[in-house]
Amino acid sequence: MTELIGKRYWIVGASEGLGRAVAERLATMGAQLVLSARSTERLEELAEALPRRADVVAMDVSDSASVKAAFEQVGQIDGMVFLAGVYWPQSAQDWNAEQVEAMCDINFTGAARVLGQVVPYFVERDAGHIVMTGSLSGFRGLPGAVGYCASKAGVMSLAESLHADLRGTGVKVQLVNPGFVRTRLTDKNDFDMPFIKEPEAAAREIVEHMMSDGFARSFPLLFSWLFRLSQFLPEELYYPLFAPKKR
């Protein structure tokens with residue numbers, strides 16, 4: 001079981017939504033935090049509202065120089081939680097190149113940029129805690145989710161590879177795959193979102209997982225079974241069920 005009290009965690013993507021809720025939850029659990037996102041103003045507001053002092057380091061995960069400079073400023077940390085992400089719902093017929101590239105560049109490549117600084121640091125120390133945020137949508141391609149599904153699938157695969165390499169060392173790697181969480185991102189959806197969770201409830205799930213010894217947690221549990229079982233369906237069954245042909 002991982003002890004959080006007194007440990008210093010770098011929260012990447014802390015200014016809004018789920019990232020903000022996770023930061024609030026970790027602070028109440030006794031962790032010391034470094035908050036990063038693009039908006040210094042939003043980070044400062046969050047830092048002032050937390051029950052204990054937190055450091056603020058602005059960073060743009062789409063910019064390698066910004067990530068490197070931020071990591072140097074962050075200093076010594078015991079863990080990193082990657083929650084940065086963008087989302088625009090769209091089908092292939094409505095492909096928006098700028099938005100699709102942004103989802104891939106921030107959600108997946110942004111994670112790789114941050115890990116490029118954090119992983120060597122933790123490996124050298126043989127100590128550290130890495131938490132990545134995937135999605136139930138990353139288990140298999142879904143209609144109306146061009147870019148997002150692919151970016152989250154990449155994050156999930158990257159976390160699995162890190163875990164494969166680092167298990168048995170002093171570096172702990174974990175993956176969380178949330179379903180729908182009520183944020184400014186999911187507010188863009190114009191369809192019903194089953195089992196949608198408030199950010200605070202999702203943050204409790206994530207922090208509970210961080211304290212456990214398991215690698216991956218997908219939630220809500222019942223909803224996650226649908227996506228996990230879909231991986232075993234042959235194409236002849238999967239696509240008619242999840243993506244019926246348009247008439």
# chains A, B, ... in the order shown; residues from 1 in each chain; ligands from 1
>>> closest_atom_pairs(of="range 202-245 of chain A", to="range 136-148 of chain A", cutoff="9 Å", atoms="only C-alpha atoms", output="CSV")
residue,atom,partner,partner_atom,distance
A:Ser218,CA,A:Leu136,CA,7.0
A:Phe219,CA,A:Leu136,CA,7.9
A:Phe223,CA,A:Leu136,CA,8.7
A:Ser224,CA,A:Leu136,CA,6.4
A:Phe227,CA,A:Phe139,CA,6.3
A:Arg228,CA,A:Phe139,CA,6.5
A:Ser230,CA,A:Arg140,CA,7.4
A:Gln231,CA,A:Arg140,CA,6.5
A:Tyr239,CA,A:Leu142,CA,8.9
A:Phe242,CA,A:Leu142,CA,7.0
A:Ala243,CA,A:Pro143,CA,5.9
>>> closest_atom_pairs(of="range 27-50 of chain A", to="range 6-20 of chain A", cutoff="8 Å", atoms="only C-alpha atoms", output="Markdown table")
| residue | atom | partner | partner_atom | distance |
| --- | --- | --- | --- | --- |
| A:Gly30 | CA | A:Gly6 | CA | 6.0 |
| A:Ala31 | CA | A:Gly6 | CA | 5.1 |
| A:Gln32 | CA | A:Arg8 | CA | 4.5 |
| A:Leu33 | CA | A:Tyr9 | CA | 5.0 |
| A:Val34 | CA | A:Trp10 | CA | 4.6 |
| A:Leu35 | CA | A:Ile11 | CA | 5.2 |
| A:Ser36 | CA | A:Val12 | CA | 4.9 |
| A:Ala37 | CA | A:Gly13 | CA | 4.9 |
| A:Ser39 | CA | A:Ser15 | CA | 7.0 |
| A:Arg42 | CA | A:Ser15 | CA | 5.6 |
| A:Leu43 | CA | A:Ser15 | CA | 5.3 |
| A:Leu46 | CA | A:Ser15 | CA | 7.1 |
>>> select_by_dssp(residues="range 4-240 of chain A", states="strand (DSSP E)", output="PyMOL selection string")
chain A and resi 8-12+32-36+54-56+79-82+128-133+171-178+216-219
>>> write_last_selection(atoms="N, CA, C and O atoms", output="CSV table (one decimal), in the first residue's frame")
chain,number,residue,atom,x,y,z
A,8,ARG,N,5.5,14.0,-2.2
A,8,ARG,CA,5.4,15.2,-3.1
A,8,ARG,C,5.0,14.7,-4.5
A,8,ARG,O,5.8,13.9,-5.1
A,9,TYR,N,3.8,15.1,-5.0
A,9,TYR,CA,3.3,14.6,-6.2
A,9,TYR,C,3.1,15.8,-7.2
A,9,TYR,O,2.6,16.8,-6.8
A,10,TRP,N,3.6,15.5,-8.4
A,10,TRP,CA,3.4,16.5,-9.5
A,10,TRP,C,2.1,16.1,-10.3
A,10,TRP,O,2.0,15.1,-10.9
A,11,ILE,N,1.1,17.0,-10.2
A,11,ILE,CA,-0.1,16.8,-10.9
A,11,ILE,C,-0.2,17.6,-12.2
A,11,ILE,O,-0.2,18.8,-12.2
A,12,VAL,N,-0.1,16.9,-13.3
A,12,VAL,CA,-0.1,17.5,-14.6
A,12,VAL,C,-1.5,17.5,-15.2
A,12,VAL,O,-2.1,16.5,-15.4
A,32,GLN,N,1.9,16.5,-0.5
A,32,GLN,CA,2.4,17.8,-1.0
A,32,GLN,C,2.4,17.8,-2.5
A,32,GLN,O,2.8,16.9,-3.1
A,33,LEU,N,1.9,18.9,-3.0
A,33,LEU,CA,1.6,19.0,-4.5
A,33,LEU,C,2.4,20.0,-5.2
A,33,LEU,O,2.6,21.1,-4.7
A,34,VAL,N,2.7,19.7,-6.5
A,34,VAL,CA,3.1,20.6,-7.5
A,34,VAL,C,2.1,20.6,-8.6
A,34,VAL,O,1.8,19.5,-9.1
A,35,LEU,N,1.5,21.7,-8.9
A,35,LEU,CA,0.4,21.8,-9.8
A,35,LEU,C,0.8,22.4,-11.1
A,35,LEU,O,1.5,23.5,-11.2
A,36,SER,N,0.5,21.7,-12.2
A,36,SER,CA,0.9,22.2,-13.6
A,36,SER,C,-0.2,22.1,-14.5
A,36,SER,O,-1.1,21.2,-14.5
A,54,ALA,N,0.7,24.4,-1.9
A,54,ALA,CA,1.1,23.7,-3.1
A,54,ALA,C,1.9,24.6,-4.0
A,54,ALA,O,1.7,25.9,-4.0
A,55,ASP,N,2.8,24.1,-4.7
A,55,ASP,CA,3.6,24.8,-5.6
A,55,ASP,C,3.0,24.9,-7.0
A,55,ASP,O,2.3,23.9,-7.4
A,56,VAL,N,3.1,26.0,-7.7
A,56,VAL,CA,2.6,26.1,-9.1
A,56,VAL,C,3.7,26.3,-10.1
A,56,VAL,O,4.6,27.1,-9.9
A,79,GLY,N,6.2,11.3,-7.0
A,79,GLY,CA,5.2,10.8,-7.9
A,79,GLY,C,4.7,11.8,-8.9
A,79,GLY,O,4.9,13.0,-8.7
A,80,MET,N,4.2,11.3,-10.0
A,80,MET,CA,3.6,12.1,-11.0
A,80,MET,C,2.3,11.5,-11.5
A,80,MET,O,2.2,10.3,-11.8
A,81,VAL,N,1.2,12.4,-11.6
A,81,VAL,CA,-0.1,11.9,-12.1
A,81,VAL,C,-0.4,12.7,-13.3
A,81,VAL,O,-0.4,14.0,-13.3
A,82,PHE,N,-0.5,12.0,-14.5
A,82,PHE,CA,-0.8,12.7,-15.7
A,82,PHE,C,-2.3,12.7,-16.0
A,82,PHE,O,-2.9,11.7,-16.3
A,128,GLY,N,9.8,5.9,-7.2
A,128,GLY,CA,8.9,6.8,-7.8
A,128,GLY,C,7.6,6.2,-8.1
A,128,GLY,O,7.4,5.0,-8.0
A,129,HIS,N,6.6,7.0,-8.4
A,129,HIS,CA,5.2,6.6,-8.6
A,129,HIS,C,4.7,7.3,-9.8
A,129,HIS,O,4.6,8.5,-9.8
A,130,ILE,N,4.3,6.6,-10.8
A,130,ILE,CA,3.8,7.1,-12.1
A,130,ILE,C,2.3,6.7,-12.2
A,130,ILE,O,2.0,5.5,-12.2
A,131,VAL,N,1.4,7.6,-12.4
A,131,VAL,CA,0.0,7.3,-12.6
A,131,VAL,C,-0.5,7.9,-13.9
A,131,VAL,O,-0.4,9.1,-14.1
A,132,MET,N,-0.9,7.1,-14.8
A,132,MET,CA,-1.4,7.5,-16.2
A,132,MET,C,-2.9,7.4,-16.3
A,132,MET,O,-3.5,6.5,-15.7
A,133,THR,N,-3.5,8.3,-17.0
A,133,THR,CA,-5.0,8.3,-17.2
A,133,THR,C,-5.4,7.9,-18.6
A,133,THR,O,-5.1,8.7,-19.6
A,171,VAL,N,10.2,1.6,-8.9
A,171,VAL,CA,9.3,2.6,-9.6
A,171,VAL,C,7.9,1.9,-9.8
A,171,VAL,O,7.8,0.9,-10.5
A,172,LYS,N,6.9,2.4,-9.3
A,172,LYS,CA,5.5,1.9,-9.4
A,172,LYS,C,4.8,2.6,-10.5
A,172,LYS,O,4.7,3.8,-10.5
A,173,VAL,N,4.2,1.8,-11.4
A,173,VAL,CA,3.4,2.4,-12.5
A,173,VAL,C,2.0,1.9,-12.4
A,173,VAL,O,1.7,0.8,-12.1
A,174,GLN,N,1.0,2.9,-12.5
A,174,GLN,CA,-0.4,2.5,-12.4
A,174,GLN,C,-1.2,3.2,-13.6
A,174,GLN,O,-0.7,4.3,-14.1
A,175,LEU,N,-2.3,2.6,-13.9
A,175,LEU,CA,-3.2,3.1,-15.0
A,175,LEU,C,-4.6,3.2,-14.5
A,175,LEU,O,-5.1,2.2,-13.8
A,176,VAL,N,-5.3,4.3,-14.7
A,176,VAL,CA,-6.7,4.4,-14.4
A,176,VAL,C,-7.4,4.7,-15.7
A,176,VAL,O,-7.0,5.5,-16.5
A,177,ASN,N,-8.6,4.0,-15.9
A,177,ASN,CA,-9.4,4.2,-17.1
A,177,ASN,C,-10.8,4.6,-16.7
A,177,ASN,O,-11.7,3.7,-16.5
A,178,PRO,N,-11.1,5.9,-16.6
A,178,PRO,CA,-12.4,6.3,-16.2
A,178,PRO,C,-13.4,6.2,-17.4
A,178,PRO,O,-13.0,6.2,-18.6
A,216,ALA,N,-3.8,-1.7,-12.9
A,216,ALA,CA,-4.9,-0.9,-13.6
A,216,ALA,C,-6.2,-1.0,-12.9
A,216,ALA,O,-6.6,-2.0,-12.3
A,217,ARG,N,-7.0,0.1,-13.0
A,217,ARG,CA,-8.3,0.1,-12.5
A,217,ARG,C,-9.2,0.8,-13.6
A,217,ARG,O,-8.9,1.9,-14.0
A,218,SER,N,-10.3,0.2,-14.0
A,218,SER,CA,-11.3,0.7,-14.9
A,218,SER,C,-12.6,0.9,-14.1
A,218,SER,O,-13.0,0.0,-13.4
A,219,PHE,N,-13.2,2.1,-14.3
A,219,PHE,CA,-14.5,2.3,-13.6
A,219,PHE,C,-15.3,3.3,-14.4
A,219,PHE,O,-14.8,4.0,-15.3
>>> residues_around(residues="Asp126 in chain A", least_positions_apart="4", cutoff="12 Å", atoms="only C-alpha atoms", output="mmCIF file with N, CA, C and O atoms, in the first residue's frame")
data_model
loop_
_atom_site.group_PDB
_atom_site.id
_atom_site.type_symbol
_atom_site.label_atom_id
_atom_site.label_comp_id
_atom_site.auth_asym_id
_atom_site.auth_seq_id
_atom_site.Cartn_x
_atom_site.Cartn_y
_atom_site.Cartn_z
ATOM 1 N N ASP A 78 8.082 12.635 -5.559
ATOM 2 C CA ASP A 78 7.929 11.208 -5.280
ATOM 3 C C ASP A 78 6.985 10.538 -6.272
ATOM 4 O O ASP A 78 6.985 9.304 -6.397
ATOM 5 N N VAL A 118 10.392 12.382 -16.433
ATOM 6 C CA VAL A 118 10.138 11.730 -15.148
ATOM 7 C C VAL A 118 10.742 10.333 -15.067
ATOM 8 O O VAL A 118 11.333 9.960 -14.038
ATOM 9 N N VAL A 119 10.596 9.534 -16.126
ATOM 10 C CA VAL A 119 11.035 8.140 -16.055
ATOM 11 C C VAL A 119 12.535 8.015 -15.774
ATOM 12 O O VAL A 119 12.932 7.283 -14.853
ATOM 13 N N PRO A 120 13.413 8.691 -16.532
ATOM 14 C CA PRO A 120 14.848 8.563 -16.213
ATOM 15 C C PRO A 120 15.176 9.010 -14.783
ATOM 16 O O PRO A 120 16.047 8.413 -14.125
ATOM 17 N N TYR A 121 14.491 10.025 -14.310
ATOM 18 C CA TYR A 121 14.706 10.527 -12.943
ATOM 19 C C TYR A 121 14.340 9.465 -11.906
ATOM 20 O O TYR A 121 15.110 9.185 -10.975
ATOM 21 N N PHE A 122 13.189 8.833 -12.081
ATOM 22 C CA PHE A 122 12.770 7.797 -11.143
ATOM 23 C C PHE A 122 13.636 6.544 -11.270
ATOM 24 O O PHE A 122 13.949 5.884 -10.270
ATOM 25 N N LEU A 166 9.193 -1.987 -15.517
ATOM 26 C CA LEU A 166 9.574 -1.473 -14.200
ATOM 27 C C LEU A 166 9.028 -2.280 -13.030
ATOM 28 O O LEU A 166 9.387 -2.011 -11.881
ATOM 29 N N ARG A 167 8.164 -3.261 -13.310
ATOM 30 C CA ARG A 167 7.640 -4.067 -12.207
ATOM 31 C C ARG A 167 8.799 -4.801 -11.525
ATOM 32 O O ARG A 167 9.721 -5.307 -12.160
ATOM 33 N N GLY A 168 8.778 -4.815 -10.219
ATOM 34 C CA GLY A 168 9.872 -5.426 -9.464
ATOM 35 C C GLY A 168 10.973 -4.456 -9.115
ATOM 36 O O GLY A 168 11.890 -4.804 -8.373
ATOM 37 N N THR A 169 10.901 -3.226 -9.648
ATOM 38 C CA THR A 169 11.865 -2.196 -9.277
ATOM 39 C C THR A 169 11.227 -1.294 -8.226
ATOM 40 O O THR A 169 10.125 -1.544 -7.755
ATOM 41 N N GLY A 170 11.895 -0.205 -7.917
ATOM 42 C CA GLY A 170 11.340 0.751 -6.962
ATOM 43 C C GLY A 170 10.388 1.748 -7.592
ATOM 44 O O GLY A 170 9.878 2.638 -6.894
ATOM 45 N N VAL A 171 10.158 1.626 -8.893
ATOM 46 C CA VAL A 171 9.269 2.557 -9.600
ATOM 47 C C VAL A 171 7.920 1.879 -9.840
ATOM 48 O O VAL A 171 7.834 0.869 -10.529
ATOM 49 N N LYS A 172 6.893 2.440 -9.268
ATOM 50 C CA LYS A 172 5.535 1.900 -9.369
ATOM 51 C C LYS A 172 4.775 2.615 -10.486
ATOM 52 O O LYS A 172 4.741 3.842 -10.529
#
